[in-house]
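Participant: What follows is a single structure, and I will ask about it in a moment.
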Amino acid sequence: MSFGNTPSAHRKKRLTQNIAFFIFRLLSFSVVAILVVILGFILVRGISVISWEFLSEAPREGMTEGGIFPAIVGTLCLVVGSMLFAFPIGILSGIYINEYAKDSWFKRFVKLMTNNLAGIPSIVFGLFGMALFVHQFGFGDSILAGSLTLGLLALPVVIRTTEEALKAIDNSFRIGSLALGATKWQTTRRVVLPMAFPNIITGLILSIGRVSGETAPILFTVAAYFLPKLPSSVFDQVMALPYHLYVISTSGTNIEASRAMAYGTAFVLIVIVLLANLLANWLRRYFGKKVKMN
Amino acid sequence: MNSVETKDVHLYYGDFHALKGITMAMRKNQVTAFIGPSGCGKSTYLRCFNRMNDLIDGVRIEGEILIDGVDIYKSSIQVDDLRKHVGMVFQKPNPFPKSIFENVAYGLRVNGTKDRQFIEERVERSLKQAALWDEVKDKLKKSAFELSGGQQQRLCIARALAIEPSVLLMDEPTSALDPLSTAKTEELIHELKENYTIVIVTHNMQQAGRVSDYTAFFYLGELVEYAKTKTLFTNPKDQRTQNYITGRFG
Amino acid sequence: MKRYFNNFGERVIEGIITLSGTVTSITVLLIVFFLFKEGLGVFSQTPVAEGSVIAVNKQNPVKELTAHQVKEIWDQNITNWKQLGGQDAPIKLFEVDDITDYYTDEQIGAEFEYLPQRLSELVAKEPHILAFFPDEYLPKEFAGRQIKLDNVSPGSFLGGREWYPTIQPAVQLGVLPLILGTLWVSLGAILIALPLGLATSIYLAEIANPKVRNFLKPVIELLAGIPSVVYGFFGLVVVVPLIQDVFGLPVGETALAGSIILGIMALPTIISVSEDAMRTTPRAMKEASLALGANKWQTIYRVIIPYSISGISTAAILGIGRAIGETMAVLMVTGNASVIPHTFLEPVRTIPATIAAELGEAPQGGIHFQALFALGCILFLMTLAINMTVDLVSAKKKANRS
């Protein structure tokens, strides 16, 4: 029984929809397949390389043997250093944009510049870091120069995360606090920030994951090709995981022989990202709120 | 003759029992109005007739709804086929971001009509039926957003008429319009009932009184009273109906 | 008193916060300043490799040479002075090592102490000579004539088809192959990523049920989190050999490999931006379409896609931006040959990859160093243009909606 529509026209309409949806489903799951292939490939090949020796020793024999301990330490230094710079400034900056700035040309300018900074390619950060921190400030190739460069790169992400988190908080809370005679900073610190905290922290974790994998900004500001000695001050060079992976997979002394090391390094990098994502997802569920990372 | 008939219709949103066993019949080529306070289920009930509630997750419907004798929840029914047969006009004018012409032609195109001349004739006729033709005939290619709110709503009516439904559902069609546009739309409803069965949900009792032949009063998911409009407004049988039409609640 | 302190404290805090707010702006301005300061320096340098002298006989009517001509002479593509507007005579190319063909060791001196003098004599003697030698051997009174090459001009920089920043005796700084290489790889990437990304975003926004959606979203986020060097590594060990085998190429490092990897990397951006755009389609619009008998698919392509087209184009532009700026992955898989690309199956070299590969070896302040900063400027301007376009598109969208 129908309402007088011709069945053939109908079938055509339905068929088109089925075909279209089938294609979309197929393409969507091929995106998943891509991820599975990349992750699977590296994890499967990398897991056999992982051992205590690999994680705790310096590379040997032209980086075809031994481990990646100096690179792990280096990346850790860079992550900590960049976050010491990016977190406070980024969060304060986000507070400025969402809580303090009046709707003026200056606020629009700041937002525009933050957007532009986010769009600048990482290699340009590398150029800039080299020109300003390494040469102009005379830090040389050092953890300090590398951390500052990475910190600048992470800054827009931290700002945007903070801004989004603050924006999600209903204005009535602010008004309620102000009405009780609290000052603006008291309101921000005691009411707004605690409520926004889960979202901010989730975004920060994801940005740590990202910073630890960046290569281009550290190429000319800190990364050492081969340096088994651990750093003793912020003016030392260090090895770093992503740069190490690049080096041993493209320009090591014996690329074929260091393949295993490369798989192991890629494995560690991916595990860091996975952990950051899992932790962020867990926090998100734990706090029961949605945060968006872009 | 009945155009829409429902038998013991229950609707649940998850655990919430939104419609509680509604049985009624709407007559062909008559205007039936649903009135009642917000949240009484009148819009939900209306949206059962073209299965618009299917779009909402967690909705479960029991009972039987027949339109022109066909059980519309039967598995062999194609939803788009049903919706072509049962037109709908929404609360707020919601034209597509397309030209005036393309808005009206939309329903024809999605239902497989390709004949250009046929489409043009049908667009013109529908716009005339919706009393909009004279205002827009020189700017059919212009964006529908350039029309005023009242014109947009009549465009949406024309759009619904273009696919020649037999039943026209109107969900508070004038709630977003100014008084003048409201009057025009009401006039239009009056003319349209010659060819269509119209079911209209309204917040406005005066409007129900002006445009409808029959009126149904809903309260908390139940059909409280259903009668000729004149009867219902002048001589309500149920106390709740009386309270509502005399403005004691809602 | 306490009240006063509170107010003072508020002021200080507000000051600190405002100051933090300006950090990004200052950074952008500093980036622009340093990039352009170094980058524009390239135009005040001559393209002669540092410490080189180019000299001719005083009688030679040829007064000027371009860097390109010098290279052509060097490659023996130009062999006659006539081709350079001089007399009809073959060019006699001379490098400092050739000196033993003309003079004995005694004449040159054991410590090359007489070399400058001999060079001077030789250039004066040979009318058709074109001599290259290091400037440490340039005598105080030189009997020949030095030829100064013109400074690098913006025209030859942007339009030049050859990028050999370190060759002797005159470097070739043409960035056209690099610009085209960048655009070529990015074009390929977007051709791969756009259909895949759009399909996924449509699926996520309109078709998938919440369960599938909740599974897919984190997956896509993860895709965005994988470091580019890992993508590059994957490309190197999987995609490159695959392309080599499938197309039977001598090397698998091609523009195609770069496009595939960049395409995958651009996916998350495209998916999340266009999905957000589609989700803003008002419910009323979708209902209107369905109520007219359109099915879901018709509603998607006739209503939702047209409605969110500006968001979708924003997604595509941002995806291109991501691809243009990407460094490591491209560096690792595209083969880095600085030639103007014609197909996707040959190696190409992009601007970011060039900077990453060469900056380490370029002496600070030298012409090569500055040329790489100039490349950075070009890259910066490209991405700035992309950002501005995105801002414009979304501003226009806002204006349309209200």
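For the structure tokens, the naming scheme is as follows: chains receive sequential letters (A, B, ...) according to their order of presentation, residues are indexed from 1 within each chain, and ligands are indexed from 1 in presentation order.
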Can you check which residues of segment 31-238 of chain B DSSP gives as alpha helix (DSSP H) on the backbone and send them as a PDB file with C-alpha atoms, in the first residue's frame?
Facilitator:
```
ATOM      1  CA  LYS B  42      -0.468  18.694  20.785  1.00  0.00           C
ATOM      2  CA  SER B  43       2.620  19.323  18.653  1.00  0.00           C
ATOM      3  CA  THR B  44       3.990  15.887  19.382  1.00  0.00           C
ATOM      4  CA  TYR B  45       0.713  14.370  18.291  1.00  0.00           C
ATOM      5  CA  LEU B  46       0.699  16.433  15.105  1.00  0.00           C
ATOM      6  CA  VAL B  79       8.483   7.585   5.160  1.00  0.00           C
ATOM      7  CA  ASP B  80       9.352  10.011   2.373  1.00  0.00           C
ATOM      8  CA  ASP B  81       6.363   8.767   0.445  1.00  0.00           C
ATOM      9  CA  LEU B  82       4.144   9.497   3.437  1.00  0.00           C
ATOM     10  CA  ARG B  83       5.624  12.937   3.902  1.00  0.00           C
ATOM     11  CA  LYS B  84       4.922  13.795   0.315  1.00  0.00           C
ATOM     12  CA  HIS B  85       1.314  12.979   1.025  1.00  0.00           C
ATOM     13  CA  ILE B 100      12.174  31.651  -4.127  1.00  0.00           C
ATOM     14  CA  PHE B 101      11.585  29.473  -7.165  1.00  0.00           C
ATOM     15  CA  GLU B 102      13.872  26.702  -5.983  1.00  0.00           C
ATOM     16  CA  ASN B 103      12.245  26.694  -2.564  1.00  0.00           C
ATOM     17  CA  VAL B 104       8.879  25.881  -4.079  1.00  0.00           C
ATOM     18  CA  ALA B 105      10.336  23.490  -6.628  1.00  0.00           C
ATOM     19  CA  TYR B 106      12.272  21.614  -3.946  1.00  0.00           C
ATOM     20  CA  GLY B 107       9.605  19.063  -3.098  1.00  0.00           C
ATOM     21  CA  LEU B 108       9.034  18.279  -6.755  1.00  0.00           C
ATOM     22  CA  ARG B 109      12.698  17.842  -7.453  1.00  0.00           C
ATOM     23  CA  VAL B 110      13.370  15.557  -4.517  1.00  0.00           C
ATOM     24  CA  ARG B 116      10.973  21.883 -16.391  1.00  0.00           C
ATOM     25  CA  GLN B 117       7.695  23.191 -17.748  1.00  0.00           C
ATOM     26  CA  PHE B 118       5.708  21.137 -15.299  1.00  0.00           C
ATOM     27  CA  ILE B 119       7.787  22.467 -12.426  1.00  0.00           C
ATOM     28  CA  GLU B 120       7.334  26.058 -13.559  1.00  0.00           C
ATOM     29  CA  GLU B 121       3.579  25.666 -13.808  1.00  0.00           C
ATOM     30  CA  ARG B 122       3.360  24.000 -10.459  1.00  0.00           C
ATOM     31  CA  VAL B 123       5.505  26.654  -8.769  1.00  0.00           C
ATOM     32  CA  GLU B 124       3.306  29.394 -10.180  1.00  0.00           C
ATOM     33  CA  ARG B 125       0.128  27.637  -9.136  1.00  0.00           C
ATOM     34  CA  SER B 126       1.390  26.967  -5.629  1.00  0.00           C
ATOM     35  CA  LEU B 127       2.508  30.539  -5.151  1.00  0.00           C
ATOM     36  CA  LYS B 128      -0.898  31.696  -6.345  1.00  0.00           C
ATOM     37  CA  GLN B 129      -2.635  29.335  -3.947  1.00  0.00           C
ATOM     38  CA  TRP B 133       2.453  35.135  -6.536  1.00  0.00           C
ATOM     39  CA  ASP B 134       1.771  38.818  -7.110  1.00  0.00           C
ATOM     40  CA  GLU B 135       4.385  39.834  -4.567  1.00  0.00           C
ATOM     41  CA  VAL B 136       7.182  37.622  -5.858  1.00  0.00           C
ATOM     42  CA  GLY B 149       8.682  37.006   7.759  1.00  0.00           C
ATOM     43  CA  GLY B 150       5.053  36.778   6.680  1.00  0.00           C
ATOM     44  CA  GLN B 151       6.000  36.301   3.057  1.00  0.00           C
ATOM     45  CA  GLN B 152       8.499  33.625   4.058  1.00  0.00           C
ATOM     46  CA  GLN B 153       5.794  31.726   5.903  1.00  0.00           C
ATOM     47  CA  ARG B 154       3.472  31.884   2.888  1.00  0.00           C
ATOM     48  CA  LEU B 155       6.416  30.700   0.790  1.00  0.00           C
ATOM     49  CA  CYS B 156       6.729  27.733   3.118  1.00  0.00           C
ATOM     50  CA  ILE B 157       3.029  27.061   2.639  1.00  0.00           C
ATOM     51  CA  ALA B 158       3.449  27.274  -1.136  1.00  0.00           C
ATOM     52  CA  ARG B 159       6.385  24.922  -0.838  1.00  0.00           C
ATOM     53  CA  ALA B 160       4.220  22.411   0.989  1.00  0.00           C
ATOM     54  CA  LEU B 161       1.374  22.785  -1.515  1.00  0.00           C
ATOM     55  CA  PRO B 179      -0.737  40.602  13.193  1.00  0.00           C
ATOM     56  CA  LEU B 180      -1.139  41.614   9.567  1.00  0.00           C
ATOM     57  CA  SER B 181       0.747  38.590   8.272  1.00  0.00           C
ATOM     58  CA  THR B 182      -1.199  36.439  10.700  1.00  0.00           C
ATOM     59  CA  ALA B 183      -4.466  37.690   9.275  1.00  0.00           C
ATOM     60  CA  LYS B 184      -3.315  36.964   5.750  1.00  0.00           C
ATOM     61  CA  THR B 185      -2.228  33.471   6.686  1.00  0.00           C
ATOM     62  CA  GLU B 186      -5.519  32.758   8.410  1.00  0.00           C
ATOM     63  CA  GLU B 187      -7.388  33.904   5.345  1.00  0.00           C
ATOM     64  CA  LEU B 188      -5.245  31.577   3.326  1.00  0.00           C
ATOM     65  CA  ILE B 189      -6.038  28.637   5.583  1.00  0.00           C
ATOM     66  CA  HIS B 190      -9.659  29.342   5.023  1.00  0.00           C
ATOM     67  CA  GLU B 191      -9.263  29.144   1.257  1.00  0.00           C
ATOM     68  CA  LEU B 192      -7.048  26.095   1.332  1.00  0.00           C
ATOM     69  CA  MET B 205      -7.600  30.306  21.093  1.00  0.00           C
ATOM     70  CA  GLN B 206      -8.985  33.186  19.107  1.00  0.00           C
ATOM     71  CA  GLN B 207      -7.163  31.823  16.096  1.00  0.00           C
ATOM     72  CA  ALA B 208      -8.643  28.381  16.622  1.00  0.00           C
ATOM     73  CA  GLY B 209     -12.018  30.021  16.830  1.00  0.00           C
ATOM     74  CA  ARG B 210     -11.470  31.992  13.654  1.00  0.00           C
ATOM     75  CA  VAL B 211     -10.025  29.336  11.369  1.00  0.00           C
ATOM     76  CA  THR B 229     -15.264  24.530  17.315  1.00  0.00           C
ATOM     77  CA  LYS B 230     -18.399  26.483  18.122  1.00  0.00           C
ATOM     78  CA  THR B 231     -19.591  23.889  20.539  1.00  0.00           C
ATOM     79  CA  LEU B 232     -16.262  23.543  22.266  1.00  0.00           C
ATOM     80  CA  PHE B 233     -15.855  27.221  22.829  1.00  0.00           C
ATOM     81  CA  THR B 234     -19.428  27.956  23.844  1.00  0.00           C
TER      82      THR B 234
END
```
Participant: Would you mind listing what lies within 8 Å of Phe157 of chain C as a VMD selection string, with only C-alpha atoms counted and same-chain residues fewer than 3 positions away left out?
Facilitator: chain C and resid 152 to 154 160 173 to 176
Participant: Write out the residues from the selection above, keeping all heavy atoms, as a PDB file, in the first residue's frame.
Facilitator:
```
ATOM      1  N   VAL C 152      71.184  39.949  -5.906  1.00  0.00           N
ATOM      2  CA  VAL C 152      70.023  39.101  -6.162  1.00  0.00           C
ATOM      3  C   VAL C 152      68.804  40.007  -6.253  1.00  0.00           C
ATOM      4  O   VAL C 152      68.574  40.858  -5.390  1.00  0.00           O
ATOM      5  CB  VAL C 152      69.829  38.109  -4.991  1.00  0.00           C
ATOM      6  CG1 VAL C 152      68.616  37.253  -5.230  1.00  0.00           C
ATOM      7  CG2 VAL C 152      71.067  37.271  -4.795  1.00  0.00           C
ATOM      8  N   SER C 153      68.034  39.857  -7.322  1.00  0.00           N
ATOM      9  CA  SER C 153      66.849  40.713  -7.450  1.00  0.00           C
ATOM     10  C   SER C 153      65.614  39.903  -7.085  1.00  0.00           C
ATOM     11  O   SER C 153      65.599  38.677  -7.236  1.00  0.00           O
ATOM     12  CB  SER C 153      66.729  41.217  -8.886  1.00  0.00           C
ATOM     13  OG  SER C 153      66.328  40.156  -9.720  1.00  0.00           O
ATOM     14  N   PRO C 154      64.585  40.584  -6.561  1.00  0.00           N
ATOM     15  CA  PRO C 154      63.357  39.854  -6.216  1.00  0.00           C
ATOM     16  C   PRO C 154      62.817  39.076  -7.403  1.00  0.00           C
ATOM     17  O   PRO C 154      62.323  37.956  -7.249  1.00  0.00           O
ATOM     18  CB  PRO C 154      62.395  40.976  -5.811  1.00  0.00           C
ATOM     19  CG  PRO C 154      63.284  42.079  -5.345  1.00  0.00           C
ATOM     20  CD  PRO C 154      64.522  42.003  -6.195  1.00  0.00           C
ATOM     21  N   GLY C 160      63.203  32.613 -10.632  1.00  0.00           N
ATOM     22  CA  GLY C 160      64.283  31.736 -11.049  1.00  0.00           C
ATOM     23  C   GLY C 160      63.890  30.276 -10.970  1.00  0.00           C
ATOM     24  O   GLY C 160      63.192  29.864 -10.057  1.00  0.00           O
ATOM     25  N   LEU C 173      69.759  31.147  -6.937  1.00  0.00           N
ATOM     26  CA  LEU C 173      68.694  31.227  -5.940  1.00  0.00           C
ATOM     27  C   LEU C 173      67.348  31.489  -6.609  1.00  0.00           C
ATOM     28  O   LEU C 173      66.809  32.580  -6.532  1.00  0.00           O
ATOM     29  CB  LEU C 173      68.994  32.333  -4.921  1.00  0.00           C
ATOM     30  CG  LEU C 173      70.282  32.152  -4.117  1.00  0.00           C
ATOM     31  CD1 LEU C 173      70.528  33.350  -3.241  1.00  0.00           C
ATOM     32  CD2 LEU C 173      70.218  30.888  -3.287  1.00  0.00           C
ATOM     33  N   GLY C 174      66.857  30.496  -7.311  1.00  0.00           N
ATOM     34  CA  GLY C 174      65.524  30.623  -7.903  1.00  0.00           C
ATOM     35  C   GLY C 174      64.571  29.755  -7.106  1.00  0.00           C
ATOM     36  O   GLY C 174      64.777  28.550  -6.978  1.00  0.00           O
ATOM     37  N   VAL C 175      63.512  30.354  -6.549  1.00  0.00           N
ATOM     38  CA  VAL C 175      62.653  29.576  -5.647  1.00  0.00           C
ATOM     39  C   VAL C 175      61.406  29.039  -6.340  1.00  0.00           C
ATOM     40  O   VAL C 175      60.590  28.383  -5.713  1.00  0.00           O
ATOM     41  CB  VAL C 175      62.224  30.410  -4.408  1.00  0.00           C
ATOM     42  CG1 VAL C 175      63.446  30.796  -3.609  1.00  0.00           C
ATOM     43  CG2 VAL C 175      61.434  31.621  -4.811  1.00  0.00           C
ATOM     44  N   LEU C 176      61.289  29.318  -7.641  1.00  0.00           N
ATOM     45  CA  LEU C 176      60.085  28.854  -8.329  1.00  0.00           C
ATOM     46  C   LEU C 176      59.851  27.348  -8.169  1.00  0.00           C
ATOM     47  O   LEU C 176      58.737  26.928  -7.858  1.00  0.00           O
ATOM     48  CB  LEU C 176      60.152  29.242  -9.811  1.00  0.00           C
ATOM     49  CG  LEU C 176      58.826  29.218 -10.545  1.00  0.00           C
ATOM     50  CD1 LEU C 176      57.853  30.202  -9.927  1.00  0.00           C
ATOM     51  CD2 LEU C 176      59.015  29.531 -12.020  1.00  0.00           C
TER      52      LEU C 176
END
```
Participant: Counting only C-alpha atoms, a student should be able to say which residues of chain C come within 7 Å of chain B; what is the right answer, written as a list in words?
Facilitator: Ala284, Met285, Ala288, Ala291, Leu292, Gly293, Ala294, Asn295, Gln298, Val303 and Tyr307 of chain C
Participant: Please provide the set of residues having any atom within 6 Å of segment 145-148 of chain A, restricted to only C-alpha atoms, with same-chain residues fewer than 2 positions apart removed, written as a ChimeraX atom specification.
Facilitator: /A:78,81-82,133,142-143,150-151,218,221-222
Participant: Kindly export the residues of the current selection with N, CA, C and O atoms, as a short mmCIF file (atom, residue, chain, number, x, y, z; two decimals), in the first residue's frame.
Facilitator:
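The file below, selection.cif, is the result:
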```
data_model
loop_
_atom_site.label_atom_id
_atom_site.label_comp_id
_atom_site.auth_asym_id
_atom_site.auth_seq_id
_atom_site.Cartn_x
_atom_site.Cartn_y
_atom_site.Cartn_z
N LEU A 78 62.54 19.28 27.23
CA LEU A 78 61.91 20.26 26.33
C LEU A 78 60.44 20.43 26.66
O LEU A 78 59.92 21.54 26.64
N GLY A 81 60.25 22.36 29.93
CA GLY A 81 60.67 23.74 29.70
C GLY A 81 59.63 24.53 28.93
O GLY A 81 59.26 25.66 29.31
N SER A 82 59.10 23.94 27.87
CA SER A 82 58.15 24.70 27.05
C SER A 82 56.85 24.93 27.81
O SER A 82 56.22 25.98 27.68
N PHE A 133 66.47 33.46 19.76
CA PHE A 133 67.02 32.88 20.99
C PHE A 133 68.47 32.42 20.82
O PHE A 133 69.31 32.69 21.67
N SER A 142 70.44 25.28 22.66
CA SER A 142 70.32 24.93 24.07
C SER A 142 68.89 24.55 24.43
O SER A 142 67.96 24.86 23.68
N ILE A 143 68.76 23.89 25.56
CA ILE A 143 67.42 23.55 26.04
C ILE A 143 66.57 24.81 26.18
O ILE A 143 65.40 24.84 25.83
N LEU A 150 59.50 26.01 21.38
CA LEU A 150 58.35 25.11 21.49
C LEU A 150 57.22 25.74 22.28
O LEU A 150 56.03 25.56 21.99
N GLY A 151 57.60 26.50 23.32
CA GLY A 151 56.59 27.16 24.14
C GLY A 151 55.76 28.14 23.32
O GLY A 151 54.53 28.19 23.44
N ILE A 218 62.77 22.38 16.74
CA ILE A 218 63.96 22.13 17.55
C ILE A 218 65.18 21.82 16.69
O ILE A 218 66.29 21.74 17.20
N THR A 221 67.46 24.81 17.11
CA THR A 221 67.51 25.53 18.37
C THR A 221 68.08 24.69 19.51
O THR A 221 68.54 25.23 20.48
N VAL A 222 68.01 23.37 19.39
CA VAL A 222 68.48 22.56 20.50
C VAL A 222 68.97 21.17 20.10
O VAL A 222 69.93 20.67 20.65
#
```
Participant: What are the residues of chain C lining chain A at 7 Å or less? Count only C-alpha atoms, and put the answer as a ChimeraX atom specification.
Facilitator: /C:10,17-18,20-22,24-25,28,31,34-35,196,199-200,203,219,222-223,225-227,229-230,233-234,297,325-328,352,356,360,376,380,383-384,387
Participant: In Å, with one decimal, what is the gap from atom CA of Val4 of chain B to atom CA of Leu66 of chain B?
Facilitator: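 Computing it gives 5.8 Å between the two atoms.
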Participant: What gap, in Å, lies between atom CA of Leu359 of chain C and atom CA of Pro347 of chain C?
Facilitator: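 According to the coordinates, atom CA of Leu359 of chain C and atom CA of Pro347 of chain C are separated by 20.4 Å.
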Participant: Could you list, as a PyMOL selection string, every residue within 8 Å of Tyr196 of chain B, counting only C-alpha atoms and ignoring same-chain residues fewer than 6 positions away?
Facilitator: chain B and resi 28-30+165-168
Participant: For atom CA of Val348 of chain C and atom CA of Ile179 of chain C, quote the distance in Å rounded to one decimal.
Facilitator: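 Calculated distance between atom CA of Val348 of chain C and atom CA of Ile179 of chain C is 10.3 Å.
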Participant: What's the 10 Å shell around segment 64-66 of chain C, counting only C-alpha atoms, without same-chain residues fewer than 4 positions away, as a count of residues only?
Facilitator: 18
Participant: Which neighbours of Glu225 of chain B fall inside 12 Å, counting only C-alpha atoms, when residues of the same chain fewer than 5 positions from it are skipped, and could you give them as a ChimeraX atom specification?
Facilitator: /B:22-24,33-36,214-219,231-233,235-242,244-245
Participant: Can you work out which one of B:Lys193, B:Ser75, B:Ile200, B:Gly247 has the shortest atom-to-atom distance to chain A, counting only C-alpha atoms?
Facilitator: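 Looking at the shortest contact to chain A, the residue is B:Ser75.
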Participant: Just want the 9 Å neighbourhood of segment 57-59 of chain C, counted on only C-alpha atoms, with same-chain residues fewer than 3 positions away dropped. Output as a count of residues only.
Facilitator: 14
Participant: Please determine, counting only C-alpha atoms, which residue among B:Glu62, B:Lys74, B:Lys20, B:Cys40 has the shortest atom-to-atom distance to chain A.
Facilitator: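 Closest candidate: B:Lys74.
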Participant: Write out as a ChimeraX atom specification all residues of segment 50-224 of chain B that DSSP puts in strand (DSSP E) for this structure's backbone.
Facilitator: /B:59-67,70-71,86-89,167-171,197-201,214-219,222-224
